[in-house]
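Scroll down for the structure; my scribbles are underneath it.
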Amino acid sequence: MNLSKSKYCNGVQCKKMLWLEKYKPEEKGELSNEAVLDNGNDVHEVARKLLGEDINIEFNENLNEMIKDTKKALEKENVIVTEASFNYEHNFCSVDILKKTGNSYEIYEVKSSTHLKDVFINDASYQYYVLTNLGLNVKKCYVVILNSNYIRKGELDLDKLFVKNDITDIAISKLDEVKSNIDAINKYMEQTEEPDDDIDNKCFKPYECPFFKYCTRQLPKQNVFDLRRIFNKEKIKLYKQGLYTYQDLLKEDINEKVKEQIEFELFAKEDKIDKKSIEMFLNTLTYPLYFLDFETFQMPIPQYDDVKPYMQIPFQYSLHYIENNKLHHKEFLAKSGIDPRRSLAESLVNDIPFDVCTLAYNMSFEKNVIKNLSELYPDLKNHLMNIHDNIKDLMIPFKDRKYYTKDMSGSYSIKYVLPALFPNDESLNYQNLELIHNGSEAMNTYAKLEEYSKEEQEHIRERLLKYCELDTFAMVKIYEKLKEVIK
Ligand code: SF4
């Protein structure tokens, strides 16, 4: 089989993944977010300049052309080649950055993550195997990741932004392992009948497998993998013991919250409403009462000063508030193409007075955003931290299961709680919105806003505002529901 870096790593995770990829690609689901992020292209583009001026090998469907171009580029004595491409016995790889000094080489595998993971080491070790078997004198092998502590000040400092992890010794020690993995993959791929490998912990590590739905298609509808508040490792353990139906699991000694989910769904139990606890929670809130929700984006490569890799950058918020029994709404959406934080922070302190109670759903997110802003703008710190300190979490009654229905399916995320509480309310259905239906779409669309025409931008901004408004309106409705059920 023709292998590549990613195929090799997938094959190390599970050979059946490669088999299904080849013979049943239509069964493939979505790639996990983590897998997409780790291999993001933006970081490669910036990392290209890490070692100096490079010769880039352009992508070509015909891999032999890339190999030919690489050979030509490496005719020079001292050179840095990006996407340098090689093939050894059907094992192809493009090295992110290859440094040639005299007749020795250094491999740099670039990842968009801030953590060094085993899968990155496997990836780089595979490249080390290919290049050394082709007779190249590889002196060093690095995995380059992002430095999570780097804070941009002025021009990007690539030496501080990236961390080079020297994994040469590991790559050398793994040479035999890589060979035996490749042999095992090739042998496995000779099978024409679908192999019957069972699911296991490998299905989630290092990334959730996109064929998981396919491989669990025989399980009954309500099974151990539908449960929440239980680790995947634990689910696999139960599955391996043959305990995967809700009936089986009910007899087991599993945590109370999981058992509750099973009982509610299996026996279609009545809603659980602990009126006293909900009332106690509501009594901690005071009027005027604010409801706040931020939209943020993250960048692996900081585009502005005072930003770290993957820092949450707020660009929008929606604010409903109840004052004198009336519901009001305020909102903010920053101009695109500039650092949105200062204008957002100024608007926020303008819109939320001192000492008022503010509700957020999953408040740690909102609090973290506000804390970061307060550290950035000392002149606004007092007010921002006052907002921060007065935030309460609307999620608490649901997280603590003081209010629970079977339709929440074990979750306390607002995406489950809202439709469970208001199953037929079309005004709260995100699918009825145009263009933007969730936080990821908001983030991705805002990040690309500058690429649209002025008219399109206006339209998109309108849709972003509508989306975010629904987030806080939904919180108001949930709050009102809590008040209603304790009557
Ligand atoms: S779901 Fe699990 S068993 Fe199936 S292909 Fe993926 S990793 Fe392999």
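How things are named: the first chain in the structure tokens is A, the next is B, and so on; residues count from 1 in each chain; ligands count from 1 in the order shown.
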
Original post:
Counting only C-alpha atoms and all ligand atoms, what residues are within 12 Å of ligand 1, given as a ChimeraX atom specification?
Top reply: /A:9-25,27-29,31,194-217,236

**OP:** Please report, as an MDAnalysis selection string, each residue of segment 100-326 of chain A to which DSSP assigns strand (DSSP E or B) when run on this structure's backbone.
**Re:** chainID A and resid 100:101 104:110 137:146 162:166 223 245 272:273 289:297 313:323 326

**OP:** Please provide the set of residues having any atom within 7 Å of Val143 of chain A, restricted to only C-alpha atoms, with same-chain residues fewer than 5 positions apart removed, written as an MDAnalysis selection string.
**Re:** chainID A and resid 108:110 120:121 124 164:167

Kindly provide the residues of segment 319-344 of chain A that approach segment 460-471 of chain A to within 9 Å, each paired with its closest atom pair and their distance in Å to one decimal, based on only C-alpha atoms, listed by chain and increasing number, as CSV.
```
residue,atom,partner,partner_atom,distance
A:Leu319,CA,A:Glu469,CA,7.5
A:His320,CA,A:Glu469,CA,8.1
A:His329,CA,A:Glu469,CA,8.2
A:Lys330,CA,A:Glu469,CA,8.8
A:Glu331,CA,A:Leu465,CA,7.5
A:Phe332,CA,A:Leu465,CA,8.0
A:Leu333,CA,A:Leu465,CA,7.2
```

Same residues, N, CA and C atoms, output as a PDB file, in the first residue's frame:
```pdb
ATOM      1  N   LEU A 319     -26.488  41.169  25.197  1.00  0.00           N
ATOM      2  CA  LEU A 319     -26.825  41.461  26.586  1.00  0.00           C
ATOM      3  C   LEU A 319     -28.320  41.739  26.688  1.00  0.00           C
ATOM      4  N   HIS A 320     -29.035  40.849  27.327  1.00  0.00           N
ATOM      5  CA  HIS A 320     -30.422  41.155  27.675  1.00  0.00           C
ATOM      6  C   HIS A 320     -30.420  41.575  29.129  1.00  0.00           C
ATOM      7  N   HIS A 329     -32.604  44.968  25.483  1.00  0.00           N
ATOM      8  CA  HIS A 329     -31.495  44.282  24.809  1.00  0.00           C
ATOM      9  C   HIS A 329     -30.431  45.266  24.332  1.00  0.00           C
ATOM     10  N   LYS A 330     -29.166  44.885  24.537  1.00  0.00           N
ATOM     11  CA  LYS A 330     -28.040  45.650  23.994  1.00  0.00           C
ATOM     12  C   LYS A 330     -27.117  44.658  23.316  1.00  0.00           C
ATOM     13  N   GLU A 331     -26.313  45.152  22.401  1.00  0.00           N
ATOM     14  CA  GLU A 331     -25.408  44.218  21.712  1.00  0.00           C
ATOM     15  C   GLU A 331     -24.179  44.957  21.214  1.00  0.00           C
ATOM     16  N   PHE A 332     -23.164  44.183  20.904  1.00  0.00           N
ATOM     17  CA  PHE A 332     -21.930  44.759  20.370  1.00  0.00           C
ATOM     18  C   PHE A 332     -21.321  43.782  19.378  1.00  0.00           C
ATOM     19  N   LEU A 333     -20.890  44.306  18.260  1.00  0.00           N
ATOM     20  CA  LEU A 333     -20.154  43.496  17.274  1.00  0.00           C
ATOM     21  C   LEU A 333     -19.023  44.362  16.737  1.00  0.00           C
TER      22      LEU A 333
END
```

Subject >> Picked from segment 6-95 of chain A by DSSP as alpha helix (DSSP H), as an MDAnalysis selection string >> reply: chainID A and resid 6:13 15:23 33:38 41:47 63:73

Requested write-out: C-alpha atoms of the selected residues, as a short mmCIF file (atom, residue, chain, number, x, y, z; two decimals), in the first residue's frame:
```cif
data_model
loop_
_atom_site.label_atom_id
_atom_site.label_comp_id
_atom_site.auth_asym_id
_atom_site.auth_seq_id
_atom_site.Cartn_x
_atom_site.Cartn_y
_atom_site.Cartn_z
CA SER A 6 -1.12 10.77 7.91
CA LYS A 7 -1.99 7.28 6.64
CA TYR A 8 0.87 5.82 8.64
CA CYS A 9 -0.33 7.60 11.81
CA ASN A 10 -3.92 6.51 11.19
CA GLY A 11 -2.71 2.95 10.64
CA VAL A 12 -0.81 3.04 13.93
CA GLN A 13 -4.02 4.15 15.66
CA LYS A 15 -5.42 -0.49 10.75
CA LYS A 16 -9.11 -0.93 10.15
CA MET A 17 -9.41 2.84 9.80
CA LEU A 18 -7.17 2.63 6.73
CA TRP A 19 -9.10 -0.36 5.40
CA LEU A 20 -12.42 1.46 5.72
CA GLU A 21 -10.92 4.60 4.23
CA LYS A 22 -10.01 2.56 1.16
CA TYR A 23 -13.04 0.27 0.81
CA ASN A 33 -11.81 19.18 15.86
CA GLU A 34 -8.56 18.30 17.55
CA ALA A 35 -7.29 16.43 14.49
CA VAL A 36 -8.17 19.36 12.24
CA LEU A 37 -6.56 21.90 14.58
CA ASP A 38 -3.31 19.95 15.07
CA ASN A 41 -2.11 25.03 7.49
CA ASP A 42 -1.75 28.59 8.82
CA VAL A 43 0.95 27.53 11.23
CA HIS A 44 2.93 25.75 8.49
CA GLU A 45 2.90 28.90 6.44
CA VAL A 46 4.45 30.94 9.27
CA ALA A 47 6.84 28.18 10.38
CA LEU A 63 3.97 12.99 -6.31
CA ASN A 64 6.88 12.04 -8.56
CA GLU A 65 7.04 15.65 -9.70
CA MET A 66 7.40 16.77 -6.07
CA ILE A 67 10.16 14.22 -5.55
CA LYS A 68 11.91 15.45 -8.69
CA ASP A 69 11.65 19.08 -7.56
CA THR A 70 13.02 18.11 -4.15
CA LYS A 71 16.05 16.41 -5.71
CA LYS A 72 16.77 19.53 -7.69
CA ALA A 73 16.40 21.81 -4.66
#
```

Original post:
Which of these residues is nearest to Tyr290 of chain A, using only C-alpha atoms: A:Lys259, A:His328, A:Arg152, A:Lys139?
Top reply: A:His328

Original post:
Near segment 172-177 of chain A, within 9 Å and counting only C-alpha atoms, which residues show up once chain neighbours fewer than 6 positions away are dropped, as a PyMOL selection string?
Top reply: chain A and resi 122+125-126+128-129

Original post:
Could you pull the residues within 7 Å of segment 76-88 of chain A, counting only C-alpha atoms, minus those fewer than 3 positions along the same chain, as number ranges by chain?
Top reply: A: 48, 53-57, 66-67, 70, 73, 91-102, 130, 134

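Closest to Phe354 of chain A among A:Asn386, A:Ile254, A:Arg342, A:Asn149 is A:Asn386, based on only C-alpha atoms.
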
**OP:** May I ask for the distance between atom CA of Tyr404 of chain A and atom CA of Met280 of chain A, given in Å to one decimal place?
**Re:**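 Distance between the two atoms: 16.6 Å.
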
Original post:
Can you tell me, as a PyMOL selection string, what residues are no more than 12 Å from Gly242 of chain A when counting only C-alpha atoms, ignoring any on the same chain fewer than 4 positions away?
Top reply: chain A and resi 219+223-224+235-238+246-249+252

Residues from last step as file, N, CA and C atoms, as a tab-separated table (two decimals), in the first residue's frame:
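Writing done, so here's again.tsv:
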```
chain	number	residue	atom	x	y	z
A	219	LEU	N	-24.88	-1.89	17.53
A	219	LEU	CA	-25.32	-1.76	18.92
A	219	LEU	C	-26.76	-1.25	18.97
A	223	ASN	N	-27.29	2.85	24.03
A	223	ASN	CA	-26.16	2.04	24.47
A	223	ASN	C	-25.16	2.87	25.24
A	224	VAL	N	-24.17	2.19	25.76
A	224	VAL	CA	-23.21	2.83	26.66
A	224	VAL	C	-22.55	4.08	26.05
A	235	LYS	N	-16.41	3.68	29.36
A	235	LYS	CA	-17.43	3.12	28.45
A	235	LYS	C	-16.89	1.86	27.77
A	236	ILE	N	-15.63	1.95	27.32
A	236	ILE	CA	-15.02	0.81	26.64
A	236	ILE	C	-14.91	-0.38	27.61
A	237	LYS	N	-14.57	-0.06	28.85
A	237	LYS	CA	-14.43	-1.11	29.85
A	237	LYS	C	-15.76	-1.86	30.02
A	238	LEU	N	-16.83	-1.11	30.12
A	238	LEU	CA	-18.16	-1.73	30.27
A	238	LEU	C	-18.52	-2.52	29.01
A	246	TYR	N	-28.82	-0.32	27.95
A	246	TYR	CA	-29.22	0.41	29.16
A	246	TYR	C	-29.71	-0.58	30.24
A	247	GLN	N	-30.40	-1.64	29.80
A	247	GLN	CA	-30.88	-2.63	30.77
A	247	GLN	C	-29.71	-3.26	31.52
A	248	ASP	N	-28.67	-3.63	30.76
A	248	ASP	CA	-27.48	-4.25	31.39
A	248	ASP	C	-26.83	-3.28	32.37
A	249	LEU	N	-26.71	-2.04	31.93
A	249	LEU	CA	-25.95	-1.07	32.71
A	249	LEU	C	-26.66	-0.68	34.00
A	252	GLU	N	-25.46	-2.30	37.02
A	252	GLU	CA	-24.06	-2.10	37.38
A	252	GLU	C	-23.87	-1.00	38.42
```

Original post:
From the list A:Asn147, A:Ser374, A:Asn283, A:Ser112, which residue is nearest Asp159 of chain A when using only C-alpha atoms?
Top reply: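 For Asp159 of chain A, the nearest of the candidates is A:Asn147.
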
Subject >> A:Val138, A:Leu344, A:Leu161, A:Leu74 ranked by distance to Val307 of chain A, top pick (using only C-alpha atoms) >> reply: A:Leu161

Original post:
A:Pro378, A:Pro397, A:Pro300, A:Gly410: which is nearest Arg229 of chain A, counting only C-alpha atoms?
Top reply: A:Gly410
